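The structure appears below as structure tokens.
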Amino acid sequence: MTRVARILERVLGVPAGATPLPAPLDMLIATILSQNTNDKNSHRAYTTLRERFPTWEGVAGAPMRSIRSAIRTGGMANQKSGRIQHTLEKIRSRYGAYDLSPLADLSDDEVFEVLLDIDGVGVKTASCVLLFSLGREVFPVDTHIHRICGRLGLASGCRTPEQTFAAVKELIPKGRAYTLHTNMIRFGRRICRAVHPACGECPLFADCVYPEKRRERSIRTNASPADHDFMLLDNVR
Ligand code: SF4
């Protein structure tokens with residue numbers, strides 16, 4: 001994993017993290033909204049929700065149909081509106097307020113325990129709160145990262161992102177969880193796509209155990225135009 005992190009950093013750079021870090025409750029709701037949709041739609045849903053309801057108290061007390069309407073662009077509005085209000089109620093009953101800042105005083109395992117106790121919050125969502133809001137060395141595994149780790153032979157036999165999370169968590173180089181996660185997401189969207197990965201332009205070709213990689217390389221599939229940096233790969237192989 002250290003070699004993968006190093007190669008992706010050479011090719012994609014070291015992404016700047018958000019400052020200040022987003023509040024844990026904001027990140028939790030944003031991550032719930034991101035489930036089963038793309039970044040653009042989930043961002044629009046989150047922005048509209050916060051514009052219509054500037055406080056989490058307002059979201060918790062609003063009619064369900066108003067929440068549904070605000071987050072419609074993010075898809076699955078029926079399920080997500082209920083999940084969001086349930087999440088807010090659970091947090092208020094635990095901490096007496098719509099606020100997850102007490103998580104900062106807990107260990108990683110304790111944070112997982114609190115968040116996984118909320119219906120609809122899984123390991124990936126909890127990991128995102130830990131990494132992006134609390135600045136912990138936790139490596140969220142979504143479908144892109146699960147796929148890439150499988151192709152790179154880092155999570156052999158893992159059938160779900162949760163299994164891959166458990167398999168790779170001890171392999172993450174110290175201090176690089178944020179950079180590696182962010183770079184792997186970009187790599188998965190642009191190069192190591194689910195269908196017809198651009199193996200001919202891949203900086204990790206030599207490391208990859210994906211049986212179809214040579215066949216995919218022979219098919220002319222281009223990385224997105226923004227990825228000319230992957231053409232510099234000879235320097236890092
Ligand atoms: S060679 Fe192809 S399948 Fe393997 S990691 Fe690279 S893009 Fe993914």
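Each chain in the structure tokens gets a letter, A, B and so on, in the order shown; residues start at 1 in every chain, and ligands are counted from 1 in the order they appear.
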Discussion item. Taking only C-alpha atoms and all ligand atoms and a cut-off of 12 Å, can you tell me which residues surround ligand 1, written as number ranges by chain?
Written reply: A: 4, 7-8, 144-154, 184, 186-219, 221-223, 230, 233
Discussion item. Can you tell me which residues surround Arg44 (chain A) at a distance of at most 8 Å, considering only C-alpha atoms, apart from same-chain residues fewer than 6 positions away, and format the answer as a ChimeraX atom specification?
Written reply: /A:71,73-74
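Of the listed residues (A:Tyr178, A:Glu89, A:Ala45, A:Glu162), A:Ala45 comes nearest to Arg68 (chain A); the distances count only C-alpha atoms.
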Worksheet item: If you run DSSP on this backbone, which residues of region 10-235 of chain A come out as helix (DSSP H, G or I), and could you give them as a PyMOL selection string?
Response: chain A and resi 10-12+24-34+39-52+56-61+64-70+72-74+77-95+101-105+108-116+123-133+143-151+161-168+177-190+199-201+205-207+213-218+225-235
Long-range neighbours of Ser69 (chain A) as a tab-separated table (two decimals) with C-alpha atoms, in the first residue's frame, 12 Å cut-off, only C-alpha atoms, 5 positions minimum in chain:
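Produced file selection_16.tsv, reproduced below:
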```
chain	number	residue	atom	x	y	z
A	45	ALA	CA	-29.17	18.35	-2.23
A	46	TYR	CA	-27.06	19.33	0.80
A	48	THR	CA	-30.55	23.25	-0.85
A	49	LEU	CA	-31.28	21.61	2.50
A	52	ARG	CA	-34.03	26.11	3.36
A	53	PHE	CA	-33.20	25.01	6.90
A	62	ALA	CA	-39.76	20.28	9.54
A	63	PRO	CA	-42.52	18.27	7.86
A	64	MET	CA	-41.05	15.25	6.11
A	74	GLY	CA	-29.84	13.67	-4.38
A	75	GLY	CA	-32.15	10.76	-5.17
A	76	MET	CA	-33.84	8.34	-2.78
A	77	ALA	CA	-35.47	11.34	-1.12
A	78	ASN	CA	-38.07	9.26	0.71
A	80	LYS	CA	-32.94	9.79	3.03
A	81	SER	CA	-35.39	12.30	4.51
```
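Note that the spacing between CA of Ala166 (chain A) and CA of Phe132 (chain A) amounts to 18.9 Å.
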Item to complete: Please provide the set of residues having any atom within 10 Å of Phe165 (chain A), restricted to only C-alpha atoms, with same-chain residues fewer than 2 positions apart removed, written as a list in words.
Response: Val123, Lys124, Ser127, Val138, Phe139, Pro140, Val141, Asp142, Ile145, His146, Cys149, Ala155, Cys158, Thr160, Pro161, Glu162, Gln163, Ala167, Val168, Lys169 and Glu170 of chain A
Please, could you write that set of residues out with C-alpha atoms as an mmCIF file, in the first residue's frame?
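To be explicit, this is the file written out as result-v1.cif:
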```cif
data_model
loop_
_atom_site.group_PDB
_atom_site.id
_atom_site.type_symbol
_atom_site.label_atom_id
_atom_site.label_comp_id
_atom_site.auth_asym_id
_atom_site.auth_seq_id
_atom_site.Cartn_x
_atom_site.Cartn_y
_atom_site.Cartn_z
ATOM 1 C CA VAL A 123 -18.807 1.748 8.276
ATOM 2 C CA LYS A 124 -18.087 3.962 5.273
ATOM 3 C CA SER A 127 -15.205 6.443 8.528
ATOM 4 C CA VAL A 138 -9.071 6.222 9.204
ATOM 5 C CA PHE A 139 -9.376 5.070 5.590
ATOM 6 C CA PRO A 140 -12.973 5.007 4.270
ATOM 7 C CA VAL A 141 -13.625 2.336 1.659
ATOM 8 C CA ASP A 142 -16.353 3.020 -0.878
ATOM 9 C CA ILE A 145 -11.686 1.883 -3.400
ATOM 10 C CA HIS A 146 -13.075 -1.613 -2.855
ATOM 11 C CA CYS A 149 -7.939 -2.730 -3.778
ATOM 12 C CA ALA A 155 -7.988 -7.311 -0.499
ATOM 13 C CA CYS A 158 -13.105 -9.481 0.053
ATOM 14 C CA THR A 160 -17.822 -6.050 0.203
ATOM 15 C CA PRO A 161 -16.375 -2.611 0.983
ATOM 16 C CA GLU A 162 -16.729 -3.449 4.685
ATOM 17 C CA GLN A 163 -14.530 -6.528 4.286
ATOM 18 C CA ALA A 167 -8.426 -6.010 5.325
ATOM 19 C CA VAL A 168 -6.525 -2.835 4.438
ATOM 20 C CA LYS A 169 -6.817 -0.696 7.552
ATOM 21 C CA GLU A 170 -3.489 -1.886 8.957
#
```
Discussion item. Residues near Glu9 (chain A), anyone? I mean within 8 Å using only C-alpha atoms, not counting same-chain ones fewer than 5 positions away, as an MDAnalysis selection string.
Written reply: chainID A and resid 14 179:180 183
Include N, CA and C atoms and write out the residues we just selected as a CSV table (one decimal), in the first residue's frame.
```csv
chain,number,residue,atom,x,y,z
A,14,VAL,N,-0.5,15.8,-3.7
A,14,VAL,CA,-1.0,15.7,-2.4
A,14,VAL,C,-2.2,16.7,-2.2
A,179,THR,N,-4.7,11.6,2.1
A,179,THR,CA,-4.2,11.7,0.7
A,179,THR,C,-4.4,10.4,-0.1
A,180,LEU,N,-4.2,9.3,0.5
A,180,LEU,CA,-4.4,8.0,-0.3
A,180,LEU,C,-5.9,7.8,-0.6
A,183,ASN,N,-6.8,10.4,-3.4
A,183,ASN,CA,-6.2,10.0,-4.7
A,183,ASN,C,-6.8,8.7,-5.3
```
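If you count only C-alpha atoms and ignore residues fewer than 3 places along the chain from Thr2 (chain A), what sits within 9 Å of it is Ala5, Arg6, Ile7, Leu171, Ile172 and Pro173 of chain A.
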Keeping only C-alpha atoms, write those residues as a CSV table (one decimal), in the first residue's frame.
```csv
chain,number,residue,atom,x,y,z
A,5,ALA,CA,0.3,5.7,-2.1
A,6,ARG,CA,3.7,6.9,-3.3
A,7,ILE,CA,2.9,6.4,-7.0
A,171,LEU,CA,-1.8,-1.3,5.6
A,172,ILE,CA,-2.4,2.4,5.3
A,173,PRO,CA,0.9,4.3,5.6
```
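Distance annotation: of A:Val59, A:Ala177, A:Thr47, A:Arg65, the residue with the minimal separation from Cys128 (chain A) is A:Ala177; atom set is only C-alpha atoms.
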Item to complete: Compile the contact shell of Lys90 (chain A) as a ChimeraX atom specification: residues with an atom at most 10 Å away, counting only C-alpha atoms, same-chain residues fewer than 6 positions apart removed.
Response: /A:84,96-98,115,117-119
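CA of Leu25 (chain A) is found 5.4 Å from CA of Leu100 (chain A).
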Practice prompt. Compare A:Gly82, A:Thr37, A:Asp26, A:Arg3 by their minimum atom-to-atom distance to Thr55 (chain A), counting only C-alpha atoms, and give me the closest one.
Written response: A:Asp26
